[in-house]
file model.cif (mmCIF, C-alpha atoms (C1' of nucleotides))
data_coords
#
loop_
_atom_site.label_atom_id
_atom_site.label_comp_id
_atom_site.auth_asym_id
_atom_site.auth_seq_id
_atom_site.Cartn_x
_atom_site.Cartn_y
_atom_site.Cartn_z
CA MET A 833 0.00 0.00 0.00
CA HIS A 834 2.04 2.89 1.25
CA SER A 835 5.23 2.98 -0.72
CA ILE A 836 8.49 3.13 1.19
CA ALA A 837 9.86 5.04 -1.80
CA VAL A 838 7.95 8.22 -0.96
CA GLN A 839 10.33 10.96 0.11
CA SER A 840 9.70 12.16 3.62
CA GLU A 841 9.07 15.75 2.69
CA GLU A 842 6.48 14.64 0.19
CA VAL A 843 3.82 14.09 2.84
CA PHE A 844 4.26 17.72 3.91
CA GLN A 845 4.26 18.87 0.30
CA ALA A 846 0.94 17.11 -0.09
CA LEU A 847 -0.58 19.33 2.58
CA ALA A 848 1.33 22.49 1.66
CA ASP A 849 -1.45 23.66 -0.63
CA GLU A 850 -4.64 25.26 0.62
CA THR A 851 -6.98 23.18 -1.52
CA ARG A 852 -5.39 19.90 -0.61
CA LEU A 853 -5.43 20.78 3.06
CA ARG A 854 -9.13 21.59 2.77
CA ILE A 855 -9.72 18.15 1.25
CA VAL A 856 -7.86 16.34 4.00
CA ARG A 857 -9.48 18.43 6.72
CA LEU A 858 -12.85 17.15 5.58
CA MET A 859 -11.72 13.57 5.35
CA VAL A 860 -10.09 13.36 8.78
CA VAL A 861 -13.49 14.03 10.34
CA GLU A 862 -14.49 10.44 9.61
CA ALA A 863 -11.19 8.89 8.75
CA HIS A 864 -12.66 5.48 7.91
CA GLU A 865 -15.13 6.90 5.41
CA SER A 866 -14.60 7.66 1.78
CA ALA A 867 -15.74 10.46 -0.50
CA CYS A 868 -16.06 10.74 -4.26
CA LEU A 869 -14.98 13.65 -6.44
CA CYS A 870 -18.46 15.13 -6.84
CA GLU A 871 -18.97 15.14 -3.08
CA LEU A 872 -15.75 17.08 -2.69
CA VAL A 873 -16.57 19.38 -5.60
CA ASP A 874 -19.86 20.31 -3.95
CA SER A 875 -18.33 20.71 -0.51
CA LEU A 876 -15.38 22.83 -1.53
CA LEU A 877 -17.02 24.64 -4.46
CA GLU A 878 -13.97 24.03 -6.61
CA PRO A 879 -13.88 22.71 -10.18
CA SER A 880 -13.63 18.98 -10.72
CA TYR A 881 -10.48 19.13 -12.86
CA LYS A 882 -8.73 21.00 -10.09
CA LEU A 883 -9.77 18.61 -7.34
CA SER A 884 -9.06 15.54 -9.47
CA ARG A 885 -5.51 16.81 -9.88
CA HIS A 886 -5.10 17.46 -6.17
CA LEU A 887 -6.50 14.06 -5.27
CA ALA A 888 -3.87 12.50 -7.53
CA ILE A 889 -1.14 14.32 -5.65
CA LEU A 890 -2.50 13.15 -2.30
CA ARG A 891 -2.64 9.62 -3.64
CA ARG A 892 0.90 9.76 -4.94
CA ALA A 893 2.10 10.96 -1.56
CA GLY A 894 0.47 7.96 0.04
CA LEU A 895 -2.25 9.80 1.94
CA LEU A 896 -5.19 8.56 -0.12
CA ALA A 897 -6.29 5.26 -1.53
CA SER A 898 -8.91 5.18 -4.25
CA HIS A 899 -11.25 2.57 -5.68
CA LYS A 900 -13.73 2.77 -8.49
CA GLU A 901 -17.40 1.80 -8.30
CA GLY A 902 -18.99 2.26 -11.71
CA ARG A 903 -18.61 5.90 -12.62
CA TRP A 904 -17.62 6.85 -9.12
CA VAL A 905 -14.14 6.82 -7.64
CA TYR A 906 -14.15 6.80 -3.85
CA HIS A 907 -11.16 8.13 -1.94
CA ARG A 908 -10.29 7.34 1.62
CA LEU A 909 -7.45 8.27 3.93
CA VAL A 910 -4.60 5.83 4.37
CA THR A 911 -4.11 5.45 8.13
CA LYS A 912 -1.56 2.68 8.41
CA PRO A 913 1.91 4.04 9.02
CA THR A 914 2.22 5.78 12.38
CA TYR A 915 3.41 8.98 10.85
CA LEU A 916 0.20 9.35 8.86
CA LYS A 917 -1.85 8.92 12.03
CA GLN A 918 0.24 11.64 13.61
CA LEU A 919 -0.11 13.80 10.53
CA TYR A 920 -3.91 13.61 10.67
CA ALA A 921 -3.79 14.42 14.38
CA THR A 922 -1.89 17.55 13.38
CA VAL A 923 -4.52 18.41 10.79
CA LYS A 924 -7.33 17.92 13.32
CA ALA A 925 -5.61 20.22 15.79
CA LEU A 926 -5.19 23.09 13.34
CA PRO A 927 -7.08 26.30 14.05
CA ASP A 928 -9.48 27.53 11.37
CA THR A 929 -7.59 30.74 10.80
CA SER A 930 -9.27 31.81 7.56
CA LYS A 931 -12.74 30.51 8.49
CA ILE A 932 -12.92 28.52 5.27
CA TYR A 933 -12.99 25.19 6.98
CA ARG A 934 -16.23 25.67 8.88
CA ALA A 935 -18.18 26.46 5.74
CA ASP A 936 -16.51 23.58 3.91
CA LEU A 937 -17.46 21.22 6.72
CA LYS A 938 -21.10 22.28 6.74
CA ARG A 939 -21.42 21.76 3.00
CA PHE A 940 -19.64 18.43 3.32
CA ARG A 941 -22.04 17.19 5.98
CA ASP A 942 -25.05 18.38 3.97
CA ARG A 943 -23.66 16.82 0.84
CA MET A 944 -22.99 13.43 2.42
CA ARG A 945 -26.66 13.31 3.41
CA LEU A 946 -27.55 13.06 -0.26
CA ARG A 947 -26.15 9.54 -0.38
CA GLU A 948 -28.48 6.63 -0.98
CA ASP A 949 -27.52 3.20 0.28
CA GLY A 950 -24.28 4.72 1.51
CA ARG A 951 -23.22 5.72 -1.98
CA CYS A 952 -23.20 8.87 -4.02
CA GLN A 953 -25.84 8.63 -6.71
CA VAL A 954 -26.62 12.20 -7.59
CA GLY A 955 -23.45 13.52 -9.20
CA ILE A 956 -22.25 17.09 -9.01
CA GLN A 957 -24.71 19.45 -7.31
CA SER A 958 -22.50 22.50 -7.03
CA GLU A 959 -25.06 24.97 -8.27
CA ALA A 960 -27.40 24.05 -5.43
CA PHE A 961 -24.61 24.34 -2.86
CA ARG A 962 -23.33 27.56 -4.33
CA SER A 963 -26.63 29.39 -3.92
CA GLU A 964 -27.03 28.03 -0.40
CA THR A 965 -23.84 29.72 0.68
CA GLY A 966 -24.20 32.71 -1.66
CA MET B 1281 4.33 33.86 20.43
CA HIS B 1282 2.80 31.80 17.73
CA SER B 1283 0.89 34.11 15.51
CA ILE B 1284 -2.77 33.35 14.86
CA ALA B 1285 -2.27 34.99 11.49
CA VAL B 1286 -0.22 32.11 10.08
CA GLN B 1287 -2.11 30.28 7.37
CA SER B 1288 -2.69 26.64 8.19
CA GLU B 1289 -0.96 25.25 5.16
CA GLU B 1290 2.11 27.29 6.02
CA VAL B 1291 3.24 24.85 8.70
CA PHE B 1292 3.26 22.11 6.08
CA GLN B 1293 4.97 24.36 3.58
CA ALA B 1294 7.67 24.90 6.17
CA LEU B 1295 8.44 21.18 6.18
CA ALA B 1296 7.85 20.62 2.47
CA ASP B 1297 11.51 21.20 1.66
CA GLU B 1298 14.21 18.58 2.20
CA THR B 1299 16.65 20.91 3.90
CA ARG B 1300 14.13 22.36 6.29
CA LEU B 1301 12.87 18.92 7.19
CA ARG B 1302 16.45 17.87 7.91
CA ILE B 1303 16.79 20.84 10.25
CA VAL B 1304 13.62 20.05 12.15
CA ARG B 1305 14.43 16.34 12.32
CA LEU B 1306 17.58 17.20 14.22
CA MET B 1307 15.85 19.62 16.53
CA VAL B 1308 12.97 17.33 17.54
CA VAL B 1309 15.51 14.95 19.05
CA GLU B 1310 15.87 17.28 22.02
CA ALA B 1311 12.93 19.58 21.56
CA HIS B 1312 13.81 21.79 24.53
CA GLU B 1313 17.33 22.48 23.30
CA SER B 1314 18.50 25.09 20.88
CA ALA B 1315 21.07 25.13 18.12
CA CYS B 1316 22.93 27.93 16.38
CA LEU B 1317 23.54 28.31 12.65
CA CYS B 1318 27.12 27.03 12.72
CA GLU B 1319 26.05 23.89 14.57
CA LEU B 1320 23.50 23.24 11.86
CA VAL B 1321 25.92 24.12 9.07
CA ASP B 1322 28.38 21.55 10.40
CA SER B 1323 25.71 18.90 10.94
CA LEU B 1324 23.99 19.23 7.59
CA LEU B 1325 27.05 20.22 5.54
CA GLU B 1326 25.10 22.96 3.84
CA PRO B 1327 26.16 26.58 3.30
CA SER B 1328 25.28 29.11 5.95
CA TYR B 1329 23.44 31.46 3.62
CA LYS B 1330 21.17 28.61 2.63
CA LEU B 1331 20.44 27.47 6.15
CA SER B 1332 19.96 31.03 7.41
CA ARG B 1333 17.27 31.47 4.78
CA HIS B 1334 15.57 28.23 5.68
CA LEU B 1335 15.65 29.06 9.38
CA ALA B 1336 13.90 32.33 8.59
CA ILE B 1337 11.12 30.42 6.83
CA LEU B 1338 10.70 28.07 9.79
CA ARG B 1339 10.56 31.07 12.10
CA ARG B 1340 7.97 32.83 9.98
CA ALA B 1341 5.82 29.72 9.99
CA GLY B 1342 5.95 29.73 13.76
CA LEU B 1343 7.99 26.55 14.21
CA LEU B 1344 11.15 28.23 15.49
CA ALA B 1345 11.91 30.94 18.00
CA SER B 1346 15.33 32.59 17.92
CA HIS B 1347 17.39 34.64 20.33
CA LYS B 1348 20.76 36.24 19.98
CA GLU B 1349 23.70 35.77 22.34
CA GLY B 1350 26.59 37.91 21.14
CA ARG B 1351 27.50 36.73 17.66
CA TRP B 1352 25.40 33.63 17.99
CA VAL B 1353 21.71 33.24 17.25
CA TYR B 1354 20.17 30.22 18.92
CA HIS B 1355 17.04 28.61 17.48
CA ARG B 1356 14.66 26.37 19.34
CA LEU B 1357 11.43 24.63 18.43
CA VAL B 1358 8.18 26.27 19.44
CA THR B 1359 6.13 23.57 21.18
CA LYS B 1360 3.13 25.44 22.49
CA PRO B 1361 0.12 24.99 20.26
CA THR B 1362 -1.12 21.40 20.20
CA TYR B 1363 -0.82 21.12 16.47
CA LEU B 1364 2.91 21.80 16.61
CA LYS B 1365 3.35 19.02 19.19
CA GLN B 1366 1.49 16.75 16.82
CA LEU B 1367 3.53 17.94 13.88
CA TYR B 1368 6.80 17.07 15.66
CA ALA B 1369 5.36 13.68 16.56
CA THR B 1370 4.81 13.19 12.84
CA VAL B 1371 8.38 14.20 12.10
CA LYS B 1372 9.72 11.80 14.74
CA ALA B 1373 7.71 8.94 13.26
CA LEU B 1374 9.01 9.44 9.72
CA PRO B 1375 11.11 6.66 8.21
CA ASP B 1376 14.61 7.61 7.05
CA THR B 1377 13.92 6.72 3.44
CA SER B 1378 16.95 8.36 1.87
CA LYS B 1379 19.35 7.56 4.72
CA ILE B 1380 20.37 11.18 4.98
CA TYR B 1381 18.97 11.63 8.43
CA ARG B 1382 21.18 9.10 10.19
CA ALA B 1383 24.35 10.76 8.98
CA ASP B 1384 22.96 14.20 9.82
CA LEU B 1385 22.13 13.02 13.33
CA LYS B 1386 25.57 11.60 13.97
CA ARG B 1387 27.25 14.82 12.89
CA PHE B 1388 24.78 16.81 14.97
CA ARG B 1389 25.55 14.80 18.10
CA ASP B 1390 29.28 15.07 17.51
CA ARG B 1391 28.99 18.77 16.82
CA MET B 1392 26.96 19.52 19.96
CA ARG B 1393 29.78 17.95 21.99
CA LEU B 1394 32.00 20.85 20.95
CA ARG B 1395 29.99 23.19 23.17
CA GLU B 1396 31.63 24.77 26.19
CA ASP B 1397 29.47 25.86 29.09
CA GLY B 1398 26.46 24.78 27.08
CA ARG B 1399 27.19 27.26 24.33
CA CYS B 1400 28.71 27.15 20.90
CA GLN B 1401 32.10 28.87 21.00
CA VAL B 1402 33.95 27.44 18.07
CA GLY B 1403 32.14 28.71 14.99
CA ILE B 1404 31.79 26.85 11.75
CA GLN B 1405 33.83 23.61 11.59
CA SER B 1406 32.47 22.21 8.36
CA GLU B 1407 35.80 21.25 6.89
CA ALA B 1408 36.48 18.95 9.83
CA PHE B 1409 33.06 17.36 9.58
CA ARG B 1410 33.25 17.03 5.80
CA SER B 1411 36.44 14.96 5.88
CA GLU B 1412 35.04 12.80 8.70
CA THR B 1413 32.19 11.70 6.51
CA GLY B 1414 34.17 11.78 3.25
"C1'" DC C 910 -27.19 3.19 -30.04
"C1'" DT C 911 -26.87 8.03 -28.41
"C1'" DA C 912 -26.33 11.29 -24.94
"C1'" DA C 913 -25.02 12.57 -20.37
"C1'" DT C 914 -21.67 12.86 -17.02
"C1'" DA C 915 -18.05 11.22 -13.36
"C1'" DG C 916 -13.52 11.61 -13.62
"C1'" DT C 917 -8.90 12.32 -15.86
"C1'" DT C 918 -5.27 14.57 -18.47
"C1'" DG C 919 -2.57 17.41 -22.32
"C1'" DC C 920 -1.09 21.93 -23.16
"C1'" DA C 921 0.19 26.41 -22.17
"C1'" DC C 922 0.61 29.70 -19.02
"C1'" DT C 923 1.33 32.20 -14.49
"C1'" DA C 924 2.89 32.14 -9.90
"C1'" DT C 925 5.86 30.64 -6.40
"C1'" DA C 926 9.93 28.71 -4.27
"C1'" DG C 927 14.83 27.52 -3.83
"C1'" DT C 928 19.65 28.90 -4.30
"C1'" DG C 929 24.48 30.77 -5.71
"C1'" DC C 930 27.20 34.80 -5.43
"C1'" DA C 931 28.38 38.80 -3.36
"C1'" DA C 932 27.79 42.14 -0.13
"C1'" DC C 933 26.23 43.71 4.19
"C1'" DT C 934 25.62 44.11 9.57
"C1'" DA C 935 26.85 43.10 14.19
"C1'" DT C 936 29.93 41.23 17.53
"C1'" DG C 937 34.32 39.93 19.58
"C1'" DC C 938 39.30 39.73 19.83
"C1'" DA C 939 44.10 41.29 19.41
"C1'" DT D 752 41.39 50.39 15.58
"C1'" DG D 753 41.45 46.70 12.18
"C1'" DC D 754 40.40 42.13 11.20
"C1'" DA D 755 37.75 37.89 11.54
"C1'" DT D 756 33.55 35.77 11.39
"C1'" DA D 757 28.48 34.52 12.81
"C1'" DG D 758 24.64 35.55 10.58
"C1'" DT D 759 21.65 38.00 7.13
"C1'" DT D 760 20.01 39.66 2.70
"C1'" DG D 761 19.84 41.82 -2.35
"C1'" DC D 762 19.89 40.36 -6.95
"C1'" DA D 763 19.38 37.36 -10.63
"C1'" DC D 764 18.46 33.12 -12.08
"C1'" DT D 765 16.57 28.27 -12.38
"C1'" DA D 766 13.34 24.95 -10.99
"C1'" DT D 767 8.94 23.62 -9.45
"C1'" DA D 768 4.02 23.90 -8.62
"C1'" DG D 769 -0.76 25.33 -9.45
"C1'" DT D 770 -4.51 26.07 -12.73
"C1'" DG D 771 -7.80 27.27 -16.78
"C1'" DC D 772 -9.41 25.46 -21.02
"C1'" DA D 773 -10.40 21.84 -23.80
"C1'" DA D 774 -10.44 17.29 -24.85
"C1'" DC D 775 -10.44 12.61 -23.58
"C1'" DT D 776 -11.99 7.92 -21.31
"C1'" DA D 777 -15.19 5.07 -19.00
"C1'" DT D 778 -19.71 4.14 -17.27
"C1'" DT D 779 -24.69 4.48 -17.16
"C1'" DA D 780 -29.41 5.44 -18.56
"C1'" DG D 781 -32.98 5.94 -21.90
#

call {"tool": "encode", "arguments": {"input": "model.cif", "output": "structure tokens"}}
result
Amino acid sequence: MHSIAVQSEEVFQALADETRLRIVRLMVVEAHESACLCELVDSLLEPSYKLSRHLAILRRAGLLASHKEGRWVYHRLVTKPTYLKQLYATVKALPDTSKIYRADLKRFRDRMRLREDGRCQVGIQSEAFRSETG
Amino acid sequence: MHSIAVQSEEVFQALADETRLRIVRLMVVEAHESACLCELVDSLLEPSYKLSRHLAILRRAGLLASHKEGRWVYHRLVTKPTYLKQLYATVKALPDTSKIYRADLKRFRDRMRLREDGRCQVGIQSEAFRSETG
DNA sequence: CTAATAGTTGCACTATAGTGCAACTATGCA
DNA sequence: TGCATAGTTGCACTATAGTGCAACTATTAG
């Protein structure tokens, strides 16, 4: 799973970008759960191409594992090596200095409620979420 | 001390560089101790202008606090907010994938032994340390 | 089969970050 | 006082990272 070949500073590089940190902040809330791209798109109000790219970086750094179910790719946090557990503890302890996180989290929780049978079925709903927080 | 104005991703940016991570890896060993630039120069075998720059970045991100004693500036880790404690726990748990850290640590320990009265008095000794590890 | 769409990626561009060289500032010693 | 040196920083440059647009691939529904 987690490749020993990943350079140590790469895990910090993975979180050194605002968007990627926003993604991981949402996912550490329920670290055993997964989220698909459209759920993240709706929560973060960021374009899918952008988030798809960032998810790839997180995956390459060993923080995310992904699996496909039909059209949907679900991403979950990798929690196995100790240092990743510690890293997520760091993320959880961060203050919300720019207030972005709280709004992200609310949208995320609302968005996850749209699941049916524990899976995302509705695709991207950004327009609805955008006007809610407008 | 630690400024509330620091952006969250900045603490990860601070460690997203190999050299800066090498610095912090040495300092977490004895988190209550401090080190001056020449001690780090000799341990990491990197030029002083480079390390001085990197130390400034770590300071700006809130990870380091510095104080001057005569010609020497001593730097120590800031441990106060919970997330920094967690961050250093992450650093401690990292594997030494590229084997650099072990050599750094040995030089660091050797170099700290050159202190007199708990203070660095000898200035930069890189040449001596370079041939030791040559 | 066609159309819609979740998700990915090429290309080109802009923005940001790291660093070598040289010079500077501050401190201590002879 | 002059010299040495710990430590810092300006300048110019190279390297790296993020992103918008457009196009692509894979899956599903009608």

call {"tool": "interface_residues", "arguments": {"input": "model.cif", "of": "chain A", "to": "chain B", "cutoff": "6 Å", "atoms": "all atoms listed in the file", "output": "PyMOL selection string"}}
result
chain A and resi 841+844-845+847-848+850+915+918-919+922+925-926

call {"tool": "interface_residues", "arguments": {"input": "model.cif", "of": "chain C", "to": "chain B", "cutoff": "12 Å", "atoms": "only C-alpha atoms (C1' of nucleotides)", "output": "list in words"}}
result
DT925, DA926, DG927, DT928, DG929, DC930, DA931, DT934, DA935, DT936 and DG937 of chain C

call {"tool": "atom_distance", "arguments": {"input": "model.cif", "atom1": "atom CA of B:Cys1316", "atom2": "atom CA of B:Val1353"}}
result
5.5 Å

call {"tool": "closest_residue", "arguments": {"input": "model.cif", "among": "A:Arg891, A:Lys900, A:Arg857, A:Arg934", "to": "chain D", "atoms": "all atoms listed in the file"}}
result
A:Lys900

call {"tool": "residues_near_point", "arguments": {"input": "model.cif", "point": "(-20.7, 12.8, -18.5)", "cutoff": "12 Å", "atoms": "all atoms listed in the file", "output": "ChimeraX atom specification"}}
result
/A:903-904,955-956 /C:912-916 /D:775-780

call {"tool": "residues_around", "arguments": {"input": "model.cif", "residues": "B:Asp1384", "least_positions_apart": "3", "cutoff": "12 Å", "atoms": "only C-alpha atoms (C1' of nucleotides)", "output": "PyMOL selection string"}}
result
chain B and resi 1299+1301-1307+1309+1319-1326+1376+1378-1381+1387-1391+1409-1410+1413

call {"tool": "write_last_selection", "arguments": {"input": "model.cif", "atoms": "C-alpha atoms", "output": "PDB file, keeping the file's coordinate frame"}}
result
ATOM      1  CA  THR B1299      16.650  20.910   3.900  1.00  0.00           C
ATOM      2  CA  LEU B1301      12.870  18.920   7.190  1.00  0.00           C
ATOM      3  CA  ARG B1302      16.450  17.870   7.910  1.00  0.00           C
ATOM      4  CA  ILE B1303      16.790  20.840  10.250  1.00  0.00           C
ATOM      5  CA  VAL B1304      13.620  20.050  12.150  1.00  0.00           C
ATOM      6  CA  ARG B1305      14.430  16.340  12.320  1.00  0.00           C
ATOM      7  CA  LEU B1306      17.580  17.200  14.220  1.00  0.00           C
ATOM      8  CA  MET B1307      15.850  19.620  16.530  1.00  0.00           C
ATOM      9  CA  VAL B1309      15.510  14.950  19.050  1.00  0.00           C
ATOM     10  CA  GLU B1319      26.050  23.890  14.570  1.00  0.00           C
ATOM     11  CA  LEU B1320      23.500  23.240  11.860  1.00  0.00           C
ATOM     12  CA  VAL B1321      25.920  24.120   9.070  1.00  0.00           C
ATOM     13  CA  ASP B1322      28.380  21.550  10.400  1.00  0.00           C
ATOM     14  CA  SER B1323      25.710  18.900  10.940  1.00  0.00           C
ATOM     15  CA  LEU B1324      23.990  19.230   7.590  1.00  0.00           C
ATOM     16  CA  LEU B1325      27.050  20.220   5.540  1.00  0.00           C
ATOM     17  CA  GLU B1326      25.100  22.960   3.840  1.00  0.00           C
ATOM     18  CA  ASP B1376      14.610   7.610   7.050  1.00  0.00           C
ATOM     19  CA  SER B1378      16.950   8.360   1.870  1.00  0.00           C
ATOM     20  CA  LYS B1379      19.350   7.560   4.720  1.00  0.00           C
ATOM     21  CA  ILE B1380      20.370  11.180   4.980  1.00  0.00           C
ATOM     22  CA  TYR B1381      18.970  11.630   8.430  1.00  0.00           C
ATOM     23  CA  ARG B1387      27.250  14.820  12.890  1.00  0.00           C
ATOM     24  CA  PHE B1388      24.780  16.810  14.970  1.00  0.00           C
ATOM     25  CA  ARG B1389      25.550  14.800  18.100  1.00  0.00           C
ATOM     26  CA  ASP B1390      29.280  15.070  17.510  1.00  0.00           C
ATOM     27  CA  ARG B1391      28.990  18.770  16.820  1.00  0.00           C
ATOM     28  CA  PHE B1409      33.060  17.360   9.580  1.00  0.00           C
ATOM     29  CA  ARG B1410      33.250  17.030   5.800  1.00  0.00           C
ATOM     30  CA  THR B1413      32.190  11.700   6.510  1.00  0.00           C
TER      31      THR B1413
END

call {"tool": "atom_distance", "arguments": {"input": "model.cif", "atom1": "atom CA of A:Arg908", "atom2": "atom CA of A:Ser866"}}
result
4.3 Å

call {"tool": "atom_distance", "arguments": {"input": "model.cif", "atom1": "atom C1' of D:DG769", "atom2": "atom CA of A:His907"}}
result
21.5 Å

call {"tool": "interface_residues", "arguments": {"input": "model.cif", "of": "chain D", "to": "chain B", "cutoff": "8 Å", "atoms": "only C-alpha atoms (C1' of nucleotides)", "output": "list in words"}}
result
DA757, DG758 and DT759 of chain D

call {"tool": "resolve_selection", "arguments": {"input": "model.cif", "expression": "the PyMOL selection byres ((chain C and resi 922) around 10)", "output": "list in words"}}
result
DC920, DA921, DT923 and DA924 of chain C; DT770 and DG771 of chain D

call {"tool": "resolve_selection", "arguments": {"input": "model.cif", "expression": "the PyMOL selection byres ((chain D and resi 754) around 10)", "output": "PyMOL selection string"}}
result
(chain C and resi 938-939) or (chain D and resi 752-753+755-756)
